[in-house]
file data.cif (mmCIF, C-alpha atoms)
data_upload
#
loop_
_atom_site.label_atom_id
_atom_site.label_comp_id
_atom_site.auth_asym_id
_atom_site.auth_seq_id
_atom_site.Cartn_x
_atom_site.Cartn_y
_atom_site.Cartn_z
CA MET V 16 -42.26 -49.88 -17.13
CA LEU V 17 -39.84 -52.23 -15.40
CA ARG V 18 -37.53 -52.04 -18.44
CA LYS V 19 -37.49 -48.25 -18.21
CA ILE V 20 -36.65 -48.35 -14.51
CA LYS V 21 -33.77 -50.79 -15.14
CA TYR V 22 -32.51 -48.60 -18.01
CA LEU V 23 -32.59 -45.45 -15.85
CA SER V 24 -30.86 -47.27 -12.99
CA LEU V 25 -28.11 -48.45 -15.35
CA LEU V 26 -27.68 -44.94 -16.79
CA LEU V 27 -27.36 -43.42 -13.32
CA ALA V 28 -24.84 -46.06 -12.30
CA VAL V 29 -22.70 -45.42 -15.36
CA SER V 30 -22.88 -41.64 -14.86
CA PHE V 31 -21.86 -42.02 -11.20
CA SER V 32 -18.99 -44.24 -12.21
CA ILE V 33 -17.71 -41.73 -14.76
CA CYS V 34 -17.96 -38.79 -12.34
CA SER V 35 -16.30 -40.62 -9.44
CA CYS V 36 -13.36 -41.96 -11.44
CA GLU V 37 -11.59 -38.75 -12.45
CA LYS V 38 -8.17 -39.29 -13.95
CA VAL V 39 -5.51 -36.71 -13.14
CA ILE V 40 -3.81 -35.62 -16.35
CA ASP V 41 -0.46 -33.88 -16.17
CA VAL V 42 -0.23 -31.31 -18.95
CA GLU V 43 3.32 -30.51 -19.93
CA LEU V 44 3.68 -26.86 -20.86
CA ASN V 45 6.55 -26.34 -23.25
CA THR V 46 8.63 -23.28 -22.48
CA SER V 47 10.72 -21.69 -25.19
CA PRO V 48 14.40 -21.02 -24.56
CA ASN V 49 15.46 -17.53 -23.50
CA GLN V 50 15.84 -15.06 -26.35
CA LEU V 51 17.80 -11.87 -26.70
CA VAL V 52 15.78 -8.70 -26.10
CA ILE V 53 17.04 -5.39 -27.50
CA GLU V 54 15.33 -2.07 -26.72
CA GLY V 55 17.06 0.69 -28.65
CA ASN V 56 16.11 4.35 -28.91
CA ILE V 57 17.61 7.26 -30.82
CA SER V 58 15.72 10.55 -30.46
CA ASN V 59 16.05 14.06 -31.86
CA LYS V 60 16.62 15.46 -28.38
CA LEU V 61 20.24 16.18 -27.46
CA GLY V 62 21.21 13.86 -24.64
CA LEU V 63 22.19 10.35 -23.66
CA GLN V 64 20.93 7.75 -26.15
CA THR V 65 20.42 4.24 -24.78
CA ILE V 66 20.36 0.65 -26.04
CA LYS V 67 19.21 -1.91 -23.45
CA ILE V 68 19.98 -5.61 -23.88
CA SER V 69 18.54 -8.43 -21.78
CA GLN V 70 17.28 -12.01 -21.92
CA SER V 71 13.64 -12.99 -22.10
CA VAL V 72 12.05 -15.15 -19.39
CA ALA V 73 9.23 -17.67 -19.48
CA TYR V 74 5.73 -16.18 -19.65
CA THR V 75 4.84 -17.66 -16.27
CA GLU V 76 7.88 -16.12 -14.53
CA PRO V 77 8.15 -12.65 -13.00
CA ASN V 78 9.22 -9.86 -15.36
CA ASP V 79 12.80 -9.81 -14.11
CA PHE V 80 14.88 -9.85 -17.29
CA PRO V 81 18.57 -10.77 -16.86
CA ALA V 82 20.93 -8.11 -18.23
CA VAL V 83 23.26 -9.07 -21.07
CA LYS V 84 26.79 -7.86 -20.39
CA GLY V 85 29.81 -7.51 -22.62
CA ALA V 86 28.07 -6.74 -25.92
CA VAL V 87 29.69 -4.63 -28.64
CA VAL V 88 27.14 -2.01 -29.70
CA ASN V 89 27.57 0.29 -32.69
CA VAL V 90 25.16 2.79 -34.28
CA THR V 91 25.72 4.42 -37.69
CA ASP V 92 23.70 6.73 -39.91
CA ASP V 93 23.32 7.08 -43.68
CA GLN V 94 25.69 10.05 -43.68
CA GLY V 95 28.67 7.96 -42.59
CA SER V 96 28.72 8.88 -38.89
CA SER V 97 29.41 6.14 -36.34
CA TRP V 98 29.08 5.86 -32.57
CA ILE V 99 30.30 3.14 -30.19
CA PHE V 100 27.93 2.68 -27.25
CA THR V 101 29.60 1.71 -23.97
CA GLU V 102 28.12 -0.29 -21.10
CA SER V 103 27.28 2.30 -18.43
CA ALA V 104 25.31 -0.21 -16.30
CA PRO V 105 24.70 -3.97 -16.63
CA GLY V 106 22.85 -4.44 -19.93
CA SER V 107 22.57 -0.68 -20.59
CA TYR V 108 24.70 0.75 -23.41
CA THR V 109 24.84 4.52 -23.87
CA PHE V 110 26.39 7.30 -25.93
CA GLY V 111 26.01 11.00 -25.53
CA PRO V 112 25.32 13.71 -25.76
CA LEU V 113 23.94 12.80 -29.19
CA LYS V 114 21.07 14.27 -31.21
CA GLY V 115 19.35 12.32 -33.98
CA GLU V 116 18.23 14.11 -37.14
CA PRO V 117 14.80 13.63 -38.80
CA GLY V 118 15.06 12.12 -42.27
CA ARG V 119 18.18 10.11 -41.51
CA THR V 120 18.30 6.34 -41.30
CA TYR V 121 20.09 4.86 -38.30
CA SER V 122 21.50 1.34 -38.23
CA LEU V 123 22.24 -0.76 -35.16
CA LYS V 124 24.78 -3.56 -34.85
CA VAL V 125 25.03 -5.65 -31.69
CA ASN V 126 27.72 -8.34 -31.40
CA ILE V 127 27.33 -10.87 -28.60
CA ASP V 128 29.70 -13.86 -28.50
CA ASN V 129 30.33 -13.42 -32.26
CA VAL V 130 26.61 -13.47 -33.05
CA LEU V 131 25.51 -10.34 -34.92
CA TYR V 132 22.11 -8.64 -34.54
CA THR V 133 21.17 -5.74 -36.83
CA ALA V 134 18.32 -3.28 -37.27
CA SER V 135 17.59 0.03 -38.98
CA SER V 136 15.07 2.81 -38.45
CA THR V 137 14.38 6.07 -40.27
CA MET V 138 13.52 9.06 -38.08
CA PRO V 139 10.33 10.83 -39.26
CA ASP V 140 9.83 14.57 -39.14
CA SER V 141 8.68 15.92 -35.80
CA VAL V 142 5.01 16.53 -35.04
CA GLY V 143 4.49 18.54 -31.89
CA ILE V 144 1.87 18.29 -29.17
CA ASP V 145 -0.37 21.35 -29.33
CA SER V 146 -1.92 20.94 -25.89
CA LEU V 147 -2.90 18.60 -23.07
CA ASP V 148 -6.19 18.65 -21.23
CA VAL V 149 -8.52 16.43 -19.23
CA LYS V 150 -11.42 14.55 -20.80
CA VAL V 151 -14.24 13.85 -18.34
CA PHE V 152 -16.36 10.73 -18.82
CA ASN V 153 -19.71 10.27 -17.08
CA PHE V 154 -20.54 6.77 -15.83
CA GLY V 155 -23.94 7.11 -14.18
CA ASN V 156 -23.44 9.39 -11.21
CA GLU V 157 -19.65 9.04 -11.34
CA LYS V 158 -17.19 11.10 -13.33
CA GLN V 159 -13.83 9.82 -14.54
CA LYS V 160 -10.91 12.01 -15.65
CA GLN V 161 -8.47 10.90 -18.36
CA ALA V 162 -5.64 12.62 -20.21
CA GLN V 163 -6.24 13.92 -23.72
CA VAL V 164 -3.54 15.08 -26.14
CA HIS V 165 -4.17 17.39 -29.10
CA TYR V 166 -1.98 17.59 -32.21
CA LYS V 167 -2.16 18.55 -35.89
CA ASP V 168 -1.41 15.68 -38.26
CA PRO V 169 0.51 16.77 -41.39
CA ALA V 170 -1.53 16.27 -44.56
CA GLY V 171 -0.40 14.00 -47.37
CA VAL V 172 2.22 12.14 -45.31
CA ALA V 173 1.83 8.74 -43.66
CA ASN V 174 2.45 9.29 -39.95
CA GLN V 175 2.67 6.87 -37.05
CA TYR V 176 2.78 7.75 -33.38
CA ARG V 177 3.54 6.23 -30.01
CA PHE V 178 2.63 7.95 -26.73
CA VAL V 179 4.19 7.47 -23.30
CA LEU V 180 1.95 8.54 -20.42
CA LYS V 181 3.31 9.16 -16.93
CA VAL V 182 1.26 10.16 -13.90
CA ASN V 183 3.19 11.37 -10.87
CA GLY V 184 6.29 9.76 -12.37
CA PHE V 185 4.70 6.33 -12.88
CA GLN V 186 4.52 5.16 -16.50
CA SER V 187 1.14 3.77 -17.47
CA ARG V 188 1.17 0.04 -18.15
CA SER V 189 -0.90 0.53 -21.30
CA VAL V 190 0.64 0.89 -24.76
CA TYR V 191 -0.61 3.83 -26.84
CA SER V 192 -0.05 3.90 -30.60
CA GLU V 193 -1.95 5.24 -33.59
CA ASN V 194 -1.53 6.27 -37.21
CA ASP V 195 -3.24 8.79 -39.48
CA ARG V 196 -5.10 6.31 -41.68
CA PHE V 197 -8.40 8.07 -40.87
CA THR V 198 -7.07 11.39 -39.56
CA ASP V 199 -4.66 12.57 -42.27
CA GLY V 200 -4.31 16.35 -42.09
CA ASN V 201 -6.75 16.68 -39.20
CA ASN V 202 -6.60 18.22 -35.77
CA VAL V 203 -6.53 15.09 -33.64
CA PRO V 204 -7.73 14.71 -30.02
CA SER V 205 -6.46 11.43 -28.55
CA VAL V 206 -7.56 10.10 -25.15
CA MET V 207 -5.20 7.91 -23.15
CA PHE V 208 -6.84 5.83 -20.44
CA PHE V 209 -4.45 5.52 -17.52
CA ASN V 210 -3.44 2.04 -16.35
CA GLY V 211 -1.88 2.44 -12.93
CA LYS V 212 -0.12 0.20 -10.44
CA ASN V 213 -3.32 -1.66 -9.61
CA ASP V 214 -6.82 -2.10 -11.05
CA ASP V 215 -8.26 0.59 -8.79
CA ASP V 216 -5.72 3.15 -9.99
CA ASP V 217 -7.22 3.81 -13.42
CA GLU V 218 -8.15 7.47 -13.49
CA LEU V 219 -6.67 10.90 -12.89
CA LYS V 220 -7.21 12.83 -9.69
CA THR V 221 -7.03 16.49 -8.87
CA GLY V 222 -3.42 17.48 -8.27
CA ASP V 223 -1.92 14.65 -10.35
CA ASN V 224 1.08 15.62 -12.47
CA VAL V 225 0.65 14.29 -16.01
CA GLU V 226 3.45 14.01 -18.58
CA VAL V 227 2.91 12.87 -22.17
CA GLU V 228 5.71 12.11 -24.62
CA MET V 229 4.69 11.86 -28.26
CA GLN V 230 7.03 9.86 -30.50
CA CYS V 231 6.88 10.08 -34.30
CA ILE V 232 7.92 6.58 -35.37
CA ASP V 233 8.49 4.72 -38.62
CA LYS V 234 6.19 2.01 -39.97
CA ASN V 235 8.11 -1.02 -38.65
CA VAL V 236 8.31 0.40 -35.14
CA PHE V 237 4.60 1.26 -35.29
CA THR V 238 3.83 -2.37 -36.20
CA TYR V 239 5.71 -3.47 -33.08
CA TRP V 240 3.91 -1.11 -30.69
CA ASN V 241 0.51 -1.50 -32.34
CA THR V 242 0.70 -5.29 -32.10
CA LEU V 243 1.72 -4.98 -28.46
CA SER V 244 -1.21 -2.68 -27.71
CA GLN V 245 -3.67 -5.10 -29.35
CA GLN V 246 -2.37 -7.88 -27.12
CA SER V 247 -2.94 -5.90 -23.94
CA GLN V 248 -6.12 -7.92 -23.26
CA ASN V 249 -4.32 -11.25 -23.67
CA GLY V 250 -2.64 -13.26 -20.97
CA PRO V 251 -4.22 -14.21 -17.64
CA GLY V 252 -6.96 -11.59 -17.85
CA GLY V 253 -7.82 -12.27 -21.49
CA GLY V 254 -7.29 -16.00 -21.44
CA VAL V 255 -4.75 -16.11 -24.29
CA THR V 256 -1.00 -16.22 -23.95
CA PRO V 257 0.33 -13.22 -25.87
CA GLY V 258 2.76 -13.80 -28.71
CA ASN V 259 5.88 -11.80 -29.47
CA PRO V 260 5.23 -8.66 -31.53
CA PRO V 261 7.13 -8.48 -34.84
CA SER V 262 10.59 -7.05 -34.25
CA ASN V 263 12.68 -5.03 -36.70
CA ILE V 264 15.83 -6.68 -35.31
CA SER V 265 17.47 -9.57 -37.15
CA ASN V 266 18.50 -13.05 -36.00
CA ASN V 267 15.28 -13.79 -34.06
CA ALA V 268 15.95 -11.17 -31.41
CA LEU V 269 12.98 -9.66 -29.59
CA GLY V 270 12.37 -5.97 -29.05
CA TYR V 271 12.79 -2.96 -31.31
CA PHE V 272 15.19 -0.29 -32.55
CA SER V 273 13.49 3.08 -32.90
CA ALA V 274 14.77 6.37 -34.32
CA HIS V 275 12.03 8.84 -33.47
CA ALA V 276 11.27 12.53 -33.04
CA VAL V 277 9.74 13.49 -29.72
CA SER V 278 7.52 16.18 -28.23
CA LYS V 279 6.62 16.47 -24.53
CA LYS V 280 4.08 18.37 -22.48
CA GLU V 281 3.05 18.37 -18.81
CA MET V 282 -0.01 19.48 -16.88
CA VAL V 283 -1.46 19.38 -13.39
CA VAL V 284 -4.99 17.97 -13.16
CA LYS V 285 -7.51 20.45 -11.79
#

call {"tool": "encode", "arguments": {"input": "data.cif", "output": "structure tokens"}}
result
Amino acid sequence: MLRKIKYLSLLLAVSFSICSCEKVIDVELNTSPNQLVIEGNISNKLGLQTIKISQSVAYTEPNDFPAVKGAVVNVTDDQGSSWIFTESAPGSYTFGPLKGEPGRTYSLKVNIDNVLYTASSTMPDSVGIDSLDVKVFNFGNEKQKQAQVHYKDPAGVANQYRFVLKVNGFQSRSVYSENDRFTDGNNVPSVMFFNGKNDDDDELKTGDNVEVEMQCIDKNVFTYWNTLSQQSQNGPGGGVTPGNPPSNISNNALGYFSAHAVSKKEMVVK
């Protein structure tokens, strides 16, 4: 019995010693160098087409991306047309009015300090939004309103889509993308859960103005947006630092170059 008491006393002493002698360990978090970020869009709507160029920042820093000035930006198509985009604002390069054509492949060239970045994207045929309405979800005694878009997917063709949701002019922080892997040729209802300025602002209210833009995108651009949407639960809330989605731009640049056909509709929530 005495041996057991001595053993327990020794174990408690050792445990106390371990708990009271905490060593502070400095963990060095490696931060990658800034990378070029290109966000390029060519749509089938006549207007100003825009290529935005900036620098990435560390994941832990605020999302204030420094503009890249002085780039030479050129867009061509597979029919031999060429357009020089000029810097209309710091880091924003525009040309217009210009209207992209479905079926054509557009190529982007960006020259910055004699370093060339290239990308290409083929504009799919347009698929229009048939209608917008409100989908009501019941959570116990509470009801939640969310936007729902309806469209007809063309049969026998691989289609990919990205949606941009705005409520009262504010673009939802969520990324919405889908393809027709399981809906080929169907009438498709697609619900978009709103992600507002704060966690409490996550549903539609009577009187809200809702705008949805539907983009028909090619496969590489879909891979970018779909990867980004899957990472929406990462980061501080999900516990995993999100990685960079695969870009269709060369030379290790981040971002995307998208030639897409668009359809828009608006509604007021009742």

call {"tool": "resolve_selection", "arguments": {"input": "data.cif", "expression": "the PyMOL selection byres ((chain V and resi 67) around 7)", "output": "PyMOL selection string"}}
result
chain V and resi 53-55+65-66+68-69+106-108

call {"tool": "resolve_selection", "arguments": {"input": "data.cif", "expression": "the PyMOL selection byres ((chain V and resi 85-95) around 10)", "output": "compact mmCIF listing (two decimals) with C-alpha atoms, in the frame of the given file"}}
result
# COMPACT_ATOMS: atom_id res chain seq x y z
CA ILE V 57 17.61 7.26 -30.82
CA ILE V 66 20.36 0.65 -26.04
CA ILE V 68 19.98 -5.61 -23.88
CA ALA V 82 20.93 -8.11 -18.23
CA VAL V 83 23.26 -9.07 -21.07
CA LYS V 84 26.79 -7.86 -20.39
CA SER V 96 28.72 8.88 -38.89
CA SER V 97 29.41 6.14 -36.34
CA TRP V 98 29.08 5.86 -32.57
CA ILE V 99 30.30 3.14 -30.19
CA PHE V 100 27.93 2.68 -27.25
CA THR V 101 29.60 1.71 -23.97
CA GLU V 102 28.12 -0.29 -21.10
CA PRO V 105 24.70 -3.97 -16.63
CA GLY V 106 22.85 -4.44 -19.93
CA SER V 107 22.57 -0.68 -20.59
CA TYR V 108 24.70 0.75 -23.41
CA THR V 109 24.84 4.52 -23.87
CA PHE V 110 26.39 7.30 -25.93
CA GLY V 115 19.35 12.32 -33.98
CA GLU V 116 18.23 14.11 -37.14
CA GLY V 118 15.06 12.12 -42.27
CA ARG V 119 18.18 10.11 -41.51
CA THR V 120 18.30 6.34 -41.30
CA TYR V 121 20.09 4.86 -38.30
CA SER V 122 21.50 1.34 -38.23
CA LEU V 123 22.24 -0.76 -35.16
CA LYS V 124 24.78 -3.56 -34.85
CA VAL V 125 25.03 -5.65 -31.69
CA ASN V 126 27.72 -8.34 -31.40
CA ILE V 127 27.33 -10.87 -28.60
CA ASP V 128 29.70 -13.86 -28.50
CA ASN V 129 30.33 -13.42 -32.26
CA VAL V 130 26.61 -13.47 -33.05
CA LEU V 131 25.51 -10.34 -34.92
CA TYR V 132 22.11 -8.64 -34.54
CA THR V 133 21.17 -5.74 -36.83
CA ALA V 134 18.32 -3.28 -37.27
CA SER V 135 17.59 0.03 -38.98
CA SER V 136 15.07 2.81 -38.45
CA THR V 137 14.38 6.07 -40.27

call {"tool": "atom_distance", "arguments": {"input": "data.cif", "atom1": "CA of Ser141 (chain V)", "atom2": "CA of Lys114 (chain V)"}}
result
13.3 Å

call {"tool": "residues_around", "arguments": {"input": "data.cif", "residues": "Ile144 (chain V)", "least_positions_apart": "6", "cutoff": "12 Å", "atoms": "only C-alpha atoms", "output": "list in words"}}
result
Gln163, Val164, His165, Tyr166, Lys167, Asp168, Tyr176, Phe178, Asn202, Val203, Pro204, Ser205, Glu226, Val227, Glu228, Met229, Gln230, Cys231, Ala276, Val277, Ser278, Lys279, Lys280 and Glu281 of chain V

call {"tool": "resolve_selection", "arguments": {"input": "data.cif", "expression": "the PyMOL selection byres ((chain V and resi 171) around 12)", "output": "PyMOL selection string"}}
result
chain V and resi 168-170+172-174+195-201

call {"tool": "atom_distance", "arguments": {"input": "data.cif", "atom1": "CA of Phe154 (chain V)", "atom2": "CA of Gln246 (chain V)"}}
result
25.9 Å

call {"tool": "closest_residue", "arguments": {"input": "data.cif", "among": "V:Leu61, V:Ile232, V:Val72, V:Val225", "to": "Asp148 (chain V)", "atoms": "all atoms listed in the file"}}
result
V:Val225

call {"tool": "atom_distance", "arguments": {"input": "data.cif", "atom1": "CA of Ser146 (chain V)", "atom2": "CA of Phe208 (chain V)"}}
result
16.8 Å

call {"tool": "closest_residue", "arguments": {"input": "data.cif", "among": "V:Asn56, V:Ser273, V:Asn156, V:Ser187", "to": "Asp216 (chain V)", "atoms": "all atoms listed in the file"}}
result
V:Ser187

call {"tool": "closest_residue", "arguments": {"input": "data.cif", "among": "V:Asn266, V:Asn241, V:Asn183, V:Ser103", "to": "Lys220 (chain V)", "atoms": "all atoms listed in the file"}}
result
V:Asn183
